[in-house]
Amino acid sequence: MVVLAGSLAHTPTAAATADSSTDTGYVGFRLLEAPVVRHDDPRALKYIVDHLKPGTVISRRFEVANKSNTGREVQLYSGAARIKHNRFVFAEGNRPNELTRWTRVRPSIVRLKPWEKAEAKVTIRVPDAARPGERYAVVWAQSEARPDATHNVGSIMRVGTRVYLDISNSGEYADFRISKIVALRDKKGVPSIVAHVHNTGKRALDLRGKFSLSDGPGGLSAGARPVTEGTTLPPGGWGTVRVDGLDKSLPAGPWTAHIELESGMVRHSLSVRLTFPKPGGSSVYDIVMSSDRRLWAAGAGIMLAVSAASMSFVRYRRRRAARNRT
């Protein structure tokens, strides 16, 4: 069983849980520190996220916990990862890549008594000749429960945290643009929303956010719903986030739709007037300029947040065919 657990500093986090039939408990993992410059960045508290010059060395402390009634041997190591099809994908085992070759986890093994915790440290040494660009990896804690006289089913559990490391002699830049909003109804009449997003910066983005409908027919409001998480956009990449689970009885509109998306310190919000189509159709709203623009830029250890108010311009065209691209 594998759980890729982002871990909030000083906060218990998700962990891998074995099949209940084995009753083996689980292993907990959490980061214990993050860069001071990123103390307001939720991604840097959850994952190892940094921007470094060649020749730099960093370290992060983390905690591993045995959440079971039996002793455990836990292996600590780094493994390769990449972004594929707008998902953060990790390799099997401890398969290496460039970043893992720069990474050391010490100790490499901890032996924990029932309910015991231990600290470890991951150190990343960036070579002087490192090329610019962002690399990805995972710091893993792995525990094996082998079959025995009591349990005839064994398990391998891994829990860890992602690593996003950008290398450059200049400052970092992260931003994105919402390029299109699509209102849909499937053939059964269930509505949904798809937002098309372009990563216009030089850092990978883990998109999250919420969507709400207001000022509908008769003054109706539909409340806020989270967008489906899991979309990771590489630098320069395009992708989508969805809002599902809307009520089938939702009137067509028009509605004021408000979407808020963020990745770390980068946040954008947008409001448009939209109308849901008939079953099997789509209504497309192309965004010429987004609103409430906030970007993240940092260089030489300095954090800069920039806000600029701008108007939103939306081009609208109606598409009725379900086969149209969303």
# chains A, B, ... in the order shown; residues from 1 in each chain; ligands from 1
$ select_by_dssp --residues "range 173-239 of chain A" --states "strand (DSSP E)" --output "number ranges by chain"
A: 173-174, 176-185, 191-199, 205-206, 208-214, 223-226, 232-233, 238-239
$ residues_around --residues "Trp140 in chain A" --least-positions-apart "6" --cutoff "7 Å" --atoms "only C-alpha atoms" --output "PyMOL selection string"
chain A and resi 76-78+158-161
$ write_last_selection --atoms "C-alpha atoms" --output "compact mmCIF listing (two decimals), in the first residue's frame"
# COMPACT_ATOMS: atom_id res chain seq x y z
CA LEU A 76 14.13 5.84 4.70
CA TYR A 77 15.21 6.80 1.18
CA SER A 78 14.48 9.03 -1.80
CA ARG A 158 5.17 3.54 1.90
CA VAL A 159 4.40 7.05 3.06
CA GLY A 160 6.34 10.19 2.24
CA THR A 161 6.46 13.71 0.94
$ closest_residue --among "A:Gly171, A:Pro279, A:Ala252, A:Asn86" --to "Thr231 in chain A" --atoms "only C-alpha atoms"
A:Asn86
$ atom_distance --atom1 "CA of Ala44 in chain A" --atom2 "CA of Ala81 in chain A"
17.4 Å
$ atom_distance --atom1 "CA of Ser214 in chain A" --atom2 "CA of Thr256 in chain A"
5.2 Å
$ residues_around --residues "Arg203 in chain A" --least-positions-apart "3" --cutoff "7 Å" --atoms "only C-alpha atoms" --output "VMD selection string"
chain A and resid 134 173 to 174 234 to 235
$ atom_distance --atom1 "CA of Thr123 in chain A" --atom2 "CA of Leu205 in chain A"
23.4 Å
$ residues_around --residues "range 125-127 of chain A" --least-positions-apart "3" --cutoff "6 Å" --atoms "only C-alpha atoms" --output "list in words"
Pro54, Gly55, Thr56, Val57, Trp102 and Ala130 of chain A
$ write_last_selection --atoms "C-alpha atoms" --output "tab-separated table (two decimals), in the first residue's frame"
chain	number	residue	atom	x	y	z
A	54	PRO	CA	23.91	25.64	-8.10
A	55	GLY	CA	26.27	24.66	-5.31
A	56	THR	CA	23.65	25.11	-2.54
A	57	VAL	CA	23.04	22.59	0.25
A	102	TRP	CA	21.88	14.68	-4.93
A	130	ALA	CA	23.70	21.73	-12.15
$ closest_residue --among "A:Ala91, A:Val243, A:Val266, A:Val27" --to "Ser68 in chain A" --atoms "only C-alpha atoms"
A:Val27
$ residues_around --residues "Ile193 in chain A" --least-positions-apart "2" --cutoff "12 Å" --atoms "only C-alpha atoms" --output "JSON, numbers by chain"
{"A": [180, 181, 182, 183, 184, 185, 186, 190, 191, 195, 196, 210, 211, 212, 213, 225, 226, 227, 228, 240, 241, 242, 243, 244, 245, 246, 257, 258, 259, 274, 275, 276, 277, 282, 283, 284, 285, 326]}
$ closest_residue --among "A:Ala120, A:Lys53, A:Asn94, A:Ser108" --to "Ser170 in chain A" --atoms "only C-alpha atoms"
A:Lys53
$ select_by_dssp --residues "range 34-272 of chain A" --states "alpha helix (DSSP H)" --output "number ranges by chain"
A: 42-46, 98-101
$ decode --residues "range 149-203 of chain A" --atoms "C-alpha atoms" --output "PDB file, in the first residue's frame"
ATOM      1  CA  ALA A 149       1.687 -17.623  12.169  1.00  0.00           C
ATOM      2  CA  THR A 150      -1.042 -15.093  12.973  1.00  0.00           C
ATOM      3  CA  HIS A 151      -1.257 -13.207   9.679  1.00  0.00           C
ATOM      4  CA  ASN A 152      -1.132 -15.033   6.375  1.00  0.00           C
ATOM      5  CA  VAL A 153      -1.194 -11.786   4.389  1.00  0.00           C
ATOM      6  CA  GLY A 154       1.849  -9.507   4.276  1.00  0.00           C
ATOM      7  CA  SER A 155       2.030  -5.879   3.227  1.00  0.00           C
ATOM      8  CA  ILE A 156       4.484  -3.216   2.127  1.00  0.00           C
ATOM      9  CA  MET A 157       3.585   0.321   3.156  1.00  0.00           C
ATOM     10  CA  ARG A 158       5.174   3.543   1.898  1.00  0.00           C
ATOM     11  CA  VAL A 159       4.400   7.048   3.063  1.00  0.00           C
ATOM     12  CA  GLY A 160       6.336  10.188   2.239  1.00  0.00           C
ATOM     13  CA  THR A 161       6.459  13.709   0.936  1.00  0.00           C
ATOM     14  CA  ARG A 162       7.053  15.188  -2.501  1.00  0.00           C
ATOM     15  CA  VAL A 163      10.130  17.208  -3.436  1.00  0.00           C
ATOM     16  CA  TYR A 164       9.898  20.105  -5.905  1.00  0.00           C
ATOM     17  CA  LEU A 165      13.364  21.607  -6.415  1.00  0.00           C
ATOM     18  CA  ASP A 166      14.025  24.406  -8.884  1.00  0.00           C
ATOM     19  CA  ILE A 167      17.603  25.278  -9.864  1.00  0.00           C
ATOM     20  CA  SER A 168      18.536  28.689 -11.250  1.00  0.00           C
ATOM     21  CA  ASN A 169      20.978  31.563 -10.735  1.00  0.00           C
ATOM     22  CA  SER A 170      18.081  33.996 -11.120  1.00  0.00           C
ATOM     23  CA  GLY A 171      14.874  34.414  -9.131  1.00  0.00           C
ATOM     24  CA  GLU A 172      11.906  32.063  -9.358  1.00  0.00           C
ATOM     25  CA  TYR A 173       8.577  32.880 -10.941  1.00  0.00           C
ATOM     26  CA  ALA A 174       5.257  31.072 -10.555  1.00  0.00           C
ATOM     27  CA  ASP A 175       1.935  32.072 -12.090  1.00  0.00           C
ATOM     28  CA  PHE A 176      -1.022  30.703 -14.055  1.00  0.00           C
ATOM     29  CA  ARG A 177      -3.935  31.904 -16.137  1.00  0.00           C
ATOM     30  CA  ILE A 178      -7.514  30.637 -16.309  1.00  0.00           C
ATOM     31  CA  SER A 179      -8.111  30.581 -20.053  1.00  0.00           C
ATOM     32  CA  LYS A 180     -11.572  29.071 -20.383  1.00  0.00           C
ATOM     33  CA  ILE A 181     -14.646  28.121 -18.347  1.00  0.00           C
ATOM     34  CA  VAL A 182     -16.913  25.392 -19.729  1.00  0.00           C
ATOM     35  CA  ALA A 183     -20.399  24.726 -18.339  1.00  0.00           C
ATOM     36  CA  LEU A 184     -21.598  21.195 -19.134  1.00  0.00           C
ATOM     37  CA  ARG A 185     -24.564  18.898 -18.781  1.00  0.00           C
ATOM     38  CA  ASP A 186     -24.105  15.212 -19.461  1.00  0.00           C
ATOM     39  CA  LYS A 187     -26.719  13.178 -21.308  1.00  0.00           C
ATOM     40  CA  LYS A 188     -28.521  12.519 -18.006  1.00  0.00           C
ATOM     41  CA  GLY A 189     -28.737  16.250 -17.321  1.00  0.00           C
ATOM     42  CA  VAL A 190     -26.140  16.417 -14.508  1.00  0.00           C
ATOM     43  CA  PRO A 191     -24.259  19.765 -14.636  1.00  0.00           C
ATOM     44  CA  SER A 192     -20.541  20.286 -14.094  1.00  0.00           C
ATOM     45  CA  ILE A 193     -17.858  22.898 -14.664  1.00  0.00           C
ATOM     46  CA  VAL A 194     -14.436  22.561 -16.291  1.00  0.00           C
ATOM     47  CA  ALA A 195     -11.793  25.295 -15.975  1.00  0.00           C
ATOM     48  CA  HIS A 196      -8.888  25.315 -18.439  1.00  0.00           C
ATOM     49  CA  VAL A 197      -5.643  26.544 -16.895  1.00  0.00           C
ATOM     50  CA  HIS A 198      -2.265  27.518 -18.375  1.00  0.00           C
ATOM     51  CA  ASN A 199       0.861  27.410 -16.196  1.00  0.00           C
ATOM     52  CA  THR A 200       2.599  30.601 -17.335  1.00  0.00           C
ATOM     53  CA  GLY A 201       5.422  30.371 -14.777  1.00  0.00           C
ATOM     54  CA  LYS A 202       8.550  28.298 -14.265  1.00  0.00           C
ATOM     55  CA  ARG A 203       7.411  26.180 -11.292  1.00  0.00           C
TER      56      ARG A 203
END
